[in-house]
file entry-v4.cif (mmCIF, N, CA and C atoms and all ligand atoms)
data_start
#
loop_
_atom_site.group_PDB
_atom_site.id
_atom_site.type_symbol
_atom_site.label_atom_id
_atom_site.label_comp_id
_atom_site.auth_asym_id
_atom_site.auth_seq_id
_atom_site.Cartn_x
_atom_site.Cartn_y
_atom_site.Cartn_z
ATOM 1 N N MET A 133 16.436 13.202 -6.458
ATOM 2 C CA MET A 133 15.235 12.365 -6.469
ATOM 3 C C MET A 133 14.062 13.106 -5.828
ATOM 4 N N LEU A 134 12.914 13.012 -6.467
ATOM 5 C CA LEU A 134 11.703 13.642 -5.940
ATOM 6 C C LEU A 134 11.095 12.729 -4.873
ATOM 7 N N VAL A 135 10.806 13.264 -3.698
ATOM 8 C CA VAL A 135 10.171 12.459 -2.652
ATOM 9 C C VAL A 135 8.869 13.121 -2.206
ATOM 10 N N ARG A 136 8.016 12.307 -1.646
ATOM 11 C CA ARG A 136 6.732 12.792 -1.126
ATOM 12 C C ARG A 136 6.630 12.405 0.340
ATOM 13 N N LEU A 137 6.270 13.366 1.168
ATOM 14 C CA LEU A 137 6.167 13.105 2.606
ATOM 15 C C LEU A 137 4.760 13.455 3.066
ATOM 16 N N LEU A 138 4.129 12.515 3.731
ATOM 17 C CA LEU A 138 2.770 12.726 4.237
ATOM 18 C C LEU A 138 2.784 12.543 5.748
ATOM 19 N N TYR A 139 2.243 13.507 6.485
ATOM 20 C CA TYR A 139 2.195 13.381 7.937
ATOM 21 C C TYR A 139 1.010 14.158 8.459
ATOM 22 N N CYS A 140 0.639 13.886 9.677
ATOM 23 C CA CYS A 140 -0.295 14.787 10.338
ATOM 24 C C CYS A 140 0.212 15.090 11.731
ATOM 25 N N SER A 141 -0.204 16.239 12.231
ATOM 26 C CA SER A 141 0.301 16.686 13.523
ATOM 27 C C SER A 141 -0.749 17.538 14.213
ATOM 28 N N ARG A 142 -0.574 17.665 15.505
ATOM 29 C CA ARG A 142 -1.516 18.426 16.319
ATOM 30 C C ARG A 142 -0.996 19.850 16.491
ATOM 31 N N ALA A 143 -1.840 20.833 16.228
ATOM 32 C CA ALA A 143 -1.423 22.233 16.363
ATOM 33 C C ALA A 143 -1.312 22.631 17.824
ATOM 34 N N VAL A 144 -0.288 23.401 18.136
ATOM 35 C CA VAL A 144 -0.137 23.939 19.483
ATOM 36 C C VAL A 144 -0.980 25.210 19.606
ATOM 37 N N ASP A 145 -0.853 26.089 18.607
ATOM 38 C CA ASP A 145 -1.650 27.317 18.562
ATOM 39 C C ASP A 145 -2.738 27.125 17.509
ATOM 40 N N THR A 146 -3.980 27.045 17.941
ATOM 41 C CA THR A 146 -5.076 26.744 17.009
ATOM 42 C C THR A 146 -5.809 28.001 16.520
ATOM 43 N N SER A 147 -5.255 29.188 16.814
ATOM 44 C CA SER A 147 -5.919 30.421 16.372
ATOM 45 C C SER A 147 -5.851 30.543 14.847
ATOM 46 N N ALA A 148 -6.867 31.208 14.273
ATOM 47 C CA ALA A 148 -6.900 31.411 12.823
ATOM 48 C C ALA A 148 -5.656 32.169 12.374
ATOM 49 N N GLN A 149 -5.200 33.081 13.201
ATOM 50 C CA GLN A 149 -4.020 33.887 12.878
ATOM 51 C C GLN A 149 -2.779 32.993 12.722
ATOM 52 N N ALA A 150 -2.632 32.050 13.624
ATOM 53 C CA ALA A 150 -1.468 31.157 13.591
ATOM 54 C C ALA A 150 -1.513 30.252 12.357
ATOM 55 N N VAL A 151 -2.693 29.747 12.051
ATOM 56 C CA VAL A 151 -2.841 28.868 10.889
ATOM 57 C C VAL A 151 -2.584 29.646 9.601
ATOM 58 N N GLU A 152 -3.112 30.875 9.531
ATOM 59 C CA GLU A 152 -2.884 31.732 8.360
ATOM 60 C C GLU A 152 -1.401 32.038 8.184
ATOM 61 N N ALA A 153 -0.708 32.234 9.292
ATOM 62 C CA ALA A 153 0.723 32.553 9.226
ATOM 63 C C ALA A 153 1.515 31.380 8.656
ATOM 64 N N ILE A 154 1.132 30.169 9.025
ATOM 65 C CA ILE A 154 1.808 28.973 8.504
ATOM 66 C C ILE A 154 1.574 28.859 7.003
ATOM 67 N N LEU A 155 0.328 29.104 6.604
ATOM 68 C CA LEU A 155 -0.015 29.031 5.182
ATOM 69 C C LEU A 155 0.755 30.079 4.380
ATOM 70 N N ALA A 156 0.844 31.285 4.923
ATOM 71 C CA ALA A 156 1.564 32.364 4.234
ATOM 72 C C ALA A 156 3.047 32.013 4.103
ATOM 73 N N GLN A 157 3.605 31.455 5.183
ATOM 74 C CA GLN A 157 5.015 31.050 5.164
ATOM 75 C C GLN A 157 5.247 29.986 4.089
ATOM 76 N N ALA A 158 4.324 29.021 4.032
ATOM 77 C CA ALA A 158 4.455 27.937 3.056
ATOM 78 C C ALA A 158 4.363 28.468 1.627
ATOM 79 N N ARG A 159 3.416 29.367 1.398
ATOM 80 C CA ARG A 159 3.231 29.906 0.041
ATOM 81 C C ARG A 159 4.429 30.721 -0.407
ATOM 82 N N GLN A 160 5.087 31.356 0.542
ATOM 83 C CA GLN A 160 6.246 32.176 0.194
ATOM 84 C C GLN A 160 7.499 31.321 0.018
ATOM 85 N N HIS A 161 7.700 30.393 0.946
ATOM 86 C CA HIS A 161 8.958 29.651 0.987
ATOM 87 C C HIS A 161 9.002 28.448 0.038
ATOM 88 N N ASN A 162 7.909 27.707 -0.054
ATOM 89 C CA ASN A 162 7.950 26.431 -0.773
ATOM 90 C C ASN A 162 8.310 26.544 -2.256
ATOM 91 N N PRO A 163 7.735 27.501 -2.992
ATOM 92 C CA PRO A 163 8.110 27.595 -4.410
ATOM 93 C C PRO A 163 9.593 27.884 -4.609
ATOM 94 N N VAL A 164 10.162 28.664 -3.717
ATOM 95 C CA VAL A 164 11.586 29.001 -3.805
ATOM 96 C C VAL A 164 12.436 27.746 -3.676
ATOM 97 N N SER A 165 11.948 26.791 -2.876
ATOM 98 C CA SER A 165 12.685 25.545 -2.646
ATOM 99 C C SER A 165 12.232 24.424 -3.574
ATOM 100 N N GLY A 166 11.374 24.749 -4.531
ATOM 101 C CA GLY A 166 10.905 23.729 -5.473
ATOM 102 C C GLY A 166 9.980 22.720 -4.825
ATOM 103 N N ILE A 167 9.306 23.128 -3.762
ATOM 104 C CA ILE A 167 8.415 22.216 -3.037
ATOM 105 C C ILE A 167 6.964 22.529 -3.383
ATOM 106 N N THR A 168 6.200 21.477 -3.636
ATOM 107 C CA THR A 168 4.763 21.619 -3.852
ATOM 108 C C THR A 168 4.051 20.773 -2.798
ATOM 109 N N GLY A 169 2.751 20.942 -2.681
ATOM 110 C CA GLY A 169 2.048 20.123 -1.702
ATOM 111 C C GLY A 169 0.690 20.657 -1.342
ATOM 112 N N ILE A 170 0.151 20.063 -0.289
ATOM 113 C CA ILE A 170 -1.125 20.525 0.248
ATOM 114 C C ILE A 170 -1.000 20.627 1.768
ATOM 115 N N LEU A 171 -1.756 21.550 2.341
ATOM 116 C CA LEU A 171 -1.817 21.677 3.794
ATOM 117 C C LEU A 171 -3.286 21.806 4.174
ATOM 118 N N CYS A 172 -3.779 20.830 4.937
ATOM 119 C CA CYS A 172 -5.170 20.846 5.382
ATOM 120 C C CYS A 172 -5.192 21.039 6.888
ATOM 121 N N TYR A 173 -6.234 21.731 7.361
ATOM 122 C CA TYR A 173 -6.353 21.971 8.799
ATOM 123 C C TYR A 173 -7.806 21.847 9.240
ATOM 124 N N GLY A 174 -8.013 21.192 10.360
ATOM 125 C CA GLY A 174 -9.350 21.107 10.934
ATOM 126 C C GLY A 174 -9.290 20.518 12.325
ATOM 127 N N ASP A 175 -10.067 21.101 13.233
ATOM 128 C CA ASP A 175 -10.166 20.579 14.605
ATOM 129 C C ASP A 175 -8.811 20.393 15.283
ATOM 130 N N GLY A 176 -7.891 21.324 15.018
ATOM 131 C CA GLY A 176 -6.597 21.274 15.699
ATOM 132 C C GLY A 176 -5.593 20.317 15.096
ATOM 133 N N ILE A 177 -5.936 19.733 13.959
ATOM 134 C CA ILE A 177 -5.034 18.768 13.318
ATOM 135 C C ILE A 177 -4.633 19.269 11.931
ATOM 136 N N PHE A 178 -3.330 19.207 11.636
ATOM 137 C CA PHE A 178 -2.834 19.489 10.296
ATOM 138 C C PHE A 178 -2.603 18.171 9.566
ATOM 139 N N LEU A 179 -2.927 18.173 8.290
ATOM 140 C CA LEU A 179 -2.521 17.081 7.401
ATOM 141 C C LEU A 179 -1.752 17.748 6.280
ATOM 142 N N GLN A 180 -0.513 17.343 6.099
ATOM 143 C CA GLN A 180 0.287 17.980 5.050
ATOM 144 C C GLN A 180 0.988 16.943 4.199
ATOM 145 N N CYS A 181 0.999 17.219 2.906
ATOM 146 C CA CYS A 181 1.770 16.415 1.958
ATOM 147 C C CYS A 181 2.734 17.374 1.278
ATOM 148 N N ILE A 182 4.015 17.056 1.324
ATOM 149 C CA ILE A 182 5.002 17.902 0.638
ATOM 150 C C ILE A 182 5.816 17.047 -0.322
ATOM 151 N N GLU A 183 6.091 17.629 -1.468
ATOM 152 C CA GLU A 183 6.871 16.945 -2.502
ATOM 153 C C GLU A 183 8.008 17.844 -2.939
ATOM 154 N N GLY A 184 9.141 17.229 -3.221
ATOM 155 C CA GLY A 184 10.280 17.998 -3.703
ATOM 156 C C GLY A 184 11.540 17.161 -3.626
ATOM 157 N N GLY A 185 12.676 17.819 -3.767
ATOM 158 C CA GLY A 185 13.953 17.127 -3.656
ATOM 159 C C GLY A 185 14.124 16.566 -2.248
ATOM 160 N N ARG A 186 14.862 15.451 -2.120
ATOM 161 C CA ARG A 186 15.017 14.795 -0.822
ATOM 162 C C ARG A 186 15.551 15.765 0.241
ATOM 163 N N MET A 187 16.584 16.516 -0.125
ATOM 164 C CA MET A 187 17.211 17.413 0.841
ATOM 165 C C MET A 187 16.255 18.540 1.255
ATOM 166 N N GLN A 188 15.576 19.113 0.276
ATOM 167 C CA GLN A 188 14.671 20.227 0.548
ATOM 168 C C GLN A 188 13.506 19.786 1.446
ATOM 169 N N VAL A 189 12.975 18.588 1.154
ATOM 170 C CA VAL A 189 11.853 18.081 1.958
ATOM 171 C C VAL A 189 12.322 17.789 3.387
ATOM 172 N N SER A 190 13.519 17.203 3.514
ATOM 173 C CA SER A 190 14.048 16.902 4.854
ATOM 174 C C SER A 190 14.293 18.173 5.647
ATOM 175 N N GLU A 191 14.843 19.169 4.975
ATOM 176 C CA GLU A 191 15.118 20.437 5.662
ATOM 177 C C GLU A 191 13.826 21.094 6.130
ATOM 178 N N LEU A 192 12.823 21.099 5.252
ATOM 179 C CA LEU A 192 11.543 21.710 5.623
ATOM 180 C C LEU A 192 10.909 20.957 6.776
ATOM 181 N N TYR A 193 10.887 19.637 6.686
ATOM 182 C CA TYR A 193 10.253 18.839 7.736
ATOM 183 C C TYR A 193 10.973 19.065 9.068
ATOM 184 N N GLY A 194 12.279 19.306 8.997
ATOM 185 C CA GLY A 194 13.052 19.597 10.208
ATOM 186 C C GLY A 194 12.553 20.848 10.911
ATOM 187 N N THR A 195 12.080 21.834 10.134
ATOM 188 C CA THR A 195 11.590 23.079 10.750
ATOM 189 C C THR A 195 10.178 22.913 11.299
ATOM 190 N N ILE A 196 9.440 21.933 10.782
ATOM 191 C CA ILE A 196 8.058 21.735 11.207
ATOM 192 C C ILE A 196 8.002 20.922 12.503
ATOM 193 N N ARG A 197 9.038 20.185 12.763
ATOM 194 C CA ARG A 197 9.078 19.372 13.987
ATOM 195 C C ARG A 197 9.003 20.259 15.218
ATOM 196 N N PRO A 198 8.678 19.677 16.372
ATOM 197 C CA PRO A 198 8.429 20.490 17.558
ATOM 198 C C PRO A 198 9.671 21.123 18.171
ATOM 199 N N THR A 199 10.091 22.230 17.572
ATOM 200 C CA THR A 199 11.286 22.897 18.079
ATOM 201 C C THR A 199 11.070 24.383 18.312
ATOM 202 N N SER A 200 9.878 24.873 18.011
ATOM 203 C CA SER A 200 9.694 26.322 18.092
ATOM 204 C C SER A 200 8.308 26.685 18.598
ATOM 205 N N ALA A 201 8.043 27.957 18.607
ATOM 206 C CA ALA A 201 6.769 28.452 19.119
ATOM 207 C C ALA A 201 5.579 27.945 18.311
ATOM 208 N N THR A 202 5.780 27.730 17.025
ATOM 209 C CA THR A 202 4.681 27.266 16.179
ATOM 210 C C THR A 202 4.668 25.746 16.080
ATOM 211 N N ALA A 203 5.409 25.116 16.977
ATOM 212 C CA ALA A 203 5.622 23.670 16.883
ATOM 213 C C ALA A 203 4.338 22.863 16.932
ATOM 214 N N THR A 204 4.447 21.682 16.412
ATOM 215 C CA THR A 204 3.350 20.730 16.431
ATOM 216 C C THR A 204 3.846 19.467 17.115
ATOM 217 N N SER A 205 2.951 18.696 17.631
ATOM 218 C CA SER A 205 3.368 17.389 18.125
ATOM 219 C C SER A 205 2.811 16.338 17.174
ATOM 220 N N PRO A 206 3.699 15.569 16.536
ATOM 221 C CA PRO A 206 3.239 14.603 15.550
ATOM 222 C C PRO A 206 2.225 13.644 16.157
ATOM 223 N N CYS A 207 1.166 13.370 15.427
ATOM 224 C CA CYS A 207 0.180 12.430 15.965
ATOM 225 C C CYS A 207 -0.061 11.271 15.013
ATOM 226 N N CYS A 208 0.728 11.206 13.963
ATOM 227 C CA CYS A 208 0.714 9.962 13.189
ATOM 228 C C CYS A 208 2.053 9.805 12.499
ATOM 229 N N THR A 209 2.355 8.599 12.123
ATOM 230 C CA THR A 209 3.648 8.298 11.516
ATOM 231 C C THR A 209 3.759 8.972 10.163
ATOM 232 N N SER A 210 4.916 9.528 9.899
ATOM 233 C CA SER A 210 5.108 10.154 8.594
ATOM 234 C C SER A 210 5.474 9.095 7.557
ATOM 235 N N LYS A 211 5.161 9.392 6.350
ATOM 236 C CA LYS A 211 5.462 8.459 5.265
ATOM 237 C C LYS A 211 6.288 9.197 4.224
ATOM 238 N N ARG A 212 7.440 8.644 3.889
ATOM 239 C CA ARG A 212 8.309 9.277 2.905
ATOM 240 C C ARG A 212 8.520 8.269 1.786
ATOM 241 N N SER A 213 8.151 8.623 0.575
ATOM 242 C CA SER A 213 8.298 7.655 -0.504
ATOM 243 C C SER A 213 8.806 8.337 -1.758
ATOM 244 N N PRO A 214 9.582 7.610 -2.574
ATOM 245 C CA PRO A 214 10.039 8.187 -3.834
ATOM 246 C C PRO A 214 8.838 8.545 -4.690
ATOM 247 N N SER A 215 8.951 9.623 -5.417
ATOM 248 C CA SER A 215 7.842 10.083 -6.223
ATOM 249 C C SER A 215 8.336 10.313 -7.643
ATOM 250 N N GLY A 216 7.708 9.664 -8.617
ATOM 251 C CA GLY A 216 8.151 9.788 -10.000
ATOM 252 C C GLY A 216 7.840 11.152 -10.577
ATOM 253 N N ALA A 217 6.677 11.667 -10.250
ATOM 254 C CA ALA A 217 6.253 12.966 -10.773
ATOM 255 C C ALA A 217 5.425 13.669 -9.717
ATOM 256 N N SER A 218 5.416 14.976 -9.786
ATOM 257 C CA SER A 218 4.668 15.738 -8.799
ATOM 258 C C SER A 218 3.177 15.466 -8.916
ATOM 259 N N ALA A 219 2.562 15.118 -7.785
ATOM 260 C CA ALA A 219 1.120 14.875 -7.781
ATOM 261 C C ALA A 219 0.376 16.124 -7.336
ATOM 262 N N ALA A 220 1.097 17.060 -6.747
ATOM 263 C CA ALA A 220 0.424 18.195 -6.124
ATOM 264 C C ALA A 220 0.352 19.429 -7.019
ATOM 265 N N GLY A 221 1.157 19.454 -8.061
ATOM 266 C CA GLY A 221 1.119 20.620 -8.928
ATOM 267 C C GLY A 221 1.699 21.838 -8.251
ATOM 268 N N ARG A 222 1.173 22.994 -8.589
ATOM 269 C CA ARG A 222 1.729 24.238 -8.048
ATOM 270 C C ARG A 222 1.148 24.541 -6.675
ATOM 271 N N TRP A 223 2.052 24.874 -5.733
ATOM 272 C CA TRP A 223 1.638 25.167 -4.359
ATOM 273 C C TRP A 223 0.672 26.343 -4.331
ATOM 274 N N GLY A 224 -0.402 26.196 -3.568
ATOM 275 C CA GLY A 224 -1.325 27.300 -3.370
ATOM 276 C C GLY A 224 -2.440 27.336 -4.397
ATOM 277 N N ARG A 225 -2.396 26.428 -5.379
ATOM 278 C CA ARG A 225 -3.447 26.404 -6.402
ATOM 279 C C ARG A 225 -4.485 25.371 -6.040
HETATM 280 C C1 LIG A 301 1.932 21.964 10.392
HETATM 281 C C2 LIG A 301 2.920 22.957 9.858
HETATM 282 C C3 LIG A 301 3.192 22.974 8.501
HETATM 283 C C4 LIG A 301 4.107 23.872 7.977
HETATM 284 N N1 LIG A 301 4.379 23.839 6.644
HETATM 285 C C5 LIG A 301 5.287 24.686 6.156
HETATM 286 C C6 LIG A 301 5.615 24.643 4.782
HETATM 287 O O1 LIG A 301 5.101 23.860 4.005
HETATM 288 N N2 LIG A 301 6.562 25.522 4.337
HETATM 289 C C7 LIG A 301 7.188 26.422 5.182
HETATM 290 O O2 LIG A 301 8.028 27.185 4.727
HETATM 291 N N3 LIG A 301 6.872 26.479 6.474
HETATM 292 C C8 LIG A 301 5.951 25.633 6.977
HETATM 293 N N4 LIG A 301 5.643 25.691 8.291
HETATM 294 C C9 LIG A 301 6.244 26.752 9.124
HETATM 295 C C10 LIG A 301 7.661 26.416 9.555
HETATM 296 O O3 LIG A 301 7.663 25.146 10.134
HETATM 297 C C11 LIG A 301 8.100 27.472 10.567
HETATM 298 O O4 LIG A 301 9.020 28.262 9.930
HETATM 299 C C12 LIG A 301 8.698 26.840 11.770
HETATM 300 O O5 LIG A 301 7.615 26.264 12.484
HETATM 301 C C13 LIG A 301 9.524 27.826 12.580
HETATM 302 O O6 LIG A 301 8.672 28.662 13.285
HETATM 303 P P1 LIG A 301 9.239 29.848 14.207
HETATM 304 O O7 LIG A 301 9.259 31.065 13.328
HETATM 305 O O8 LIG A 301 8.277 29.954 15.346
HETATM 306 O O9 LIG A 301 10.603 29.446 14.644
HETATM 307 C C14 LIG A 301 4.754 24.795 8.832
HETATM 308 C C15 LIG A 301 4.478 24.780 10.209
HETATM 309 C C16 LIG A 301 3.579 23.885 10.723
HETATM 310 C C17 LIG A 301 3.308 23.902 12.206
#

call {"tool": "encode", "arguments": {"input": "entry-v4.cif", "output": "structure tokens"}}
result
Amino acid sequence: MLVRLLYCSRAVDTSAQAVEAILAQARQHNPVSGITGILCYGDGIFLQCIEGGRMQVSELYGTIRPTSATATSPCCTSKRSPSGASAAGRWGR
């Protein structure tokens, strides 16, 4: 089943280098896992929407949670909903 997850979080490292690294990681990893989405950043806050298989989205979200050096602290409730078709298209476009 295709699911869509929307959340926002506060960046721990707000440097341009750190944000670019996250974007590069997403562009490399997400297509391999069949995940599409958007990642927005401004004023220390990320807004991300990811779509893909339930397991793949859960696994990815697990890595984004505050467990590592690039961790974020969630600042709004995440929303996970079944998705009939991809709304985001190809990642990075
Ligand atoms: C807000 C945010 C969004 C991220 N989005 C993605 C993503 O879409 N795809 C991905 O592969 N990694 C993404 N990452 C990066 C992974 O979560 C990263 O591998 C993880 O934070 C582990 O970092 P570490 O190398 O410091 O252990 C994101 C990280 C953050 C903080």

call {"tool": "atom_distance", "arguments": {"input": "entry-v4.cif", "atom1": "atom CA of A:Ala156", "atom2": "atom N of A:Met133"}}
result
26.5 Å

call {"tool": "residues_around", "arguments": {"input": "entry-v4.cif", "residues": "A:Ile177", "least_positions_apart": "6", "cutoff": "7 Å", "atoms": "only C-alpha atoms", "output": "PDB file with N, CA and C atoms, in the coordinates of the input"}}
result
ATOM      1  N   CYS A 140       0.639  13.886   9.677  1.00  0.00           N
ATOM      2  CA  CYS A 140      -0.295  14.787  10.338  1.00  0.00           C
ATOM      3  C   CYS A 140       0.212  15.090  11.731  1.00  0.00           C
ATOM      4  N   SER A 141      -0.204  16.239  12.231  1.00  0.00           N
ATOM      5  CA  SER A 141       0.301  16.686  13.523  1.00  0.00           C
ATOM      6  C   SER A 141      -0.749  17.538  14.213  1.00  0.00           C
ATOM      7  N   ARG A 142      -0.574  17.665  15.505  1.00  0.00           N
ATOM      8  CA  ARG A 142      -1.516  18.426  16.319  1.00  0.00           C
ATOM      9  C   ARG A 142      -0.996  19.850  16.491  1.00  0.00           C
ATOM     10  N   ALA A 143      -1.840  20.833  16.228  1.00  0.00           N
ATOM     11  CA  ALA A 143      -1.423  22.233  16.363  1.00  0.00           C
ATOM     12  C   ALA A 143      -1.312  22.631  17.824  1.00  0.00           C
TER      13      ALA A 143
END

call {"tool": "resolve_selection", "arguments": {"input": "entry-v4.cif", "expression": "the PyMOL selection byres (((chain A and resi 181) around 5) and not hetatm)", "output": "JSON, numbers by chain"}}
result
{"A": [137, 138, 169, 170, 179, 180, 182, 183]}

call {"tool": "write_last_selection", "arguments": {"input": "entry-v4.cif", "atoms": "N, CA and C atoms", "output": "mmCIF file, keeping the file's coordinate frame"}}
result
data_model
loop_
_atom_site.group_PDB
_atom_site.id
_atom_site.type_symbol
_atom_site.label_atom_id
_atom_site.label_comp_id
_atom_site.auth_asym_id
_atom_site.auth_seq_id
_atom_site.Cartn_x
_atom_site.Cartn_y
_atom_site.Cartn_z
ATOM 1 N N LEU A 137 6.270 13.366 1.168
ATOM 2 C CA LEU A 137 6.167 13.105 2.606
ATOM 3 C C LEU A 137 4.760 13.455 3.066
ATOM 4 N N LEU A 138 4.129 12.515 3.731
ATOM 5 C CA LEU A 138 2.770 12.726 4.237
ATOM 6 C C LEU A 138 2.784 12.543 5.748
ATOM 7 N N GLY A 169 2.751 20.942 -2.681
ATOM 8 C CA GLY A 169 2.048 20.123 -1.702
ATOM 9 C C GLY A 169 0.690 20.657 -1.342
ATOM 10 N N ILE A 170 0.151 20.063 -0.289
ATOM 11 C CA ILE A 170 -1.125 20.525 0.248
ATOM 12 C C ILE A 170 -1.000 20.627 1.768
ATOM 13 N N LEU A 179 -2.927 18.173 8.290
ATOM 14 C CA LEU A 179 -2.521 17.081 7.401
ATOM 15 C C LEU A 179 -1.752 17.748 6.280
ATOM 16 N N GLN A 180 -0.513 17.343 6.099
ATOM 17 C CA GLN A 180 0.287 17.980 5.050
ATOM 18 C C GLN A 180 0.988 16.943 4.199
ATOM 19 N N ILE A 182 4.015 17.056 1.324
ATOM 20 C CA ILE A 182 5.002 17.902 0.638
ATOM 21 C C ILE A 182 5.816 17.047 -0.322
ATOM 22 N N GLU A 183 6.091 17.629 -1.468
ATOM 23 C CA GLU A 183 6.871 16.945 -2.502
ATOM 24 C C GLU A 183 8.008 17.844 -2.939
#

call {"tool": "residues_near_ligand", "arguments": {"input": "entry-v4.cif", "ligand": "ligand LIG 301 (chain A)", "cutoff": "9 Å", "atoms": "only C-alpha atoms and all ligand atoms", "output": "ChimeraX atom specification"}}
result
/A:139-145,150-151,153-162,165,167-173,177-182,192-205

call {"tool": "atom_distance", "arguments": {"input": "entry-v4.cif", "atom1": "atom N of A:Val164", "atom2": "atom CA of A:Glu152"}}
result
18.0 Å

call {"tool": "atom_distance", "arguments": {"input": "entry-v4.cif", "atom1": "atom C of A:Gln188", "atom2": "atom C of A:Gln149"}}
result
23.8 Å

call {"tool": "axis_aligned_box", "arguments": {"input": "entry-v4.cif", "around": "stretch 181-184 of chain A", "padding_each_side": "8 Å", "output": "AutoDock Vina command-line options"}}
result
--center_x 6.3 --center_y 17.2 --center_z -0.4 --size_x 26.5 --size_y 17.6 --size_z 22.6
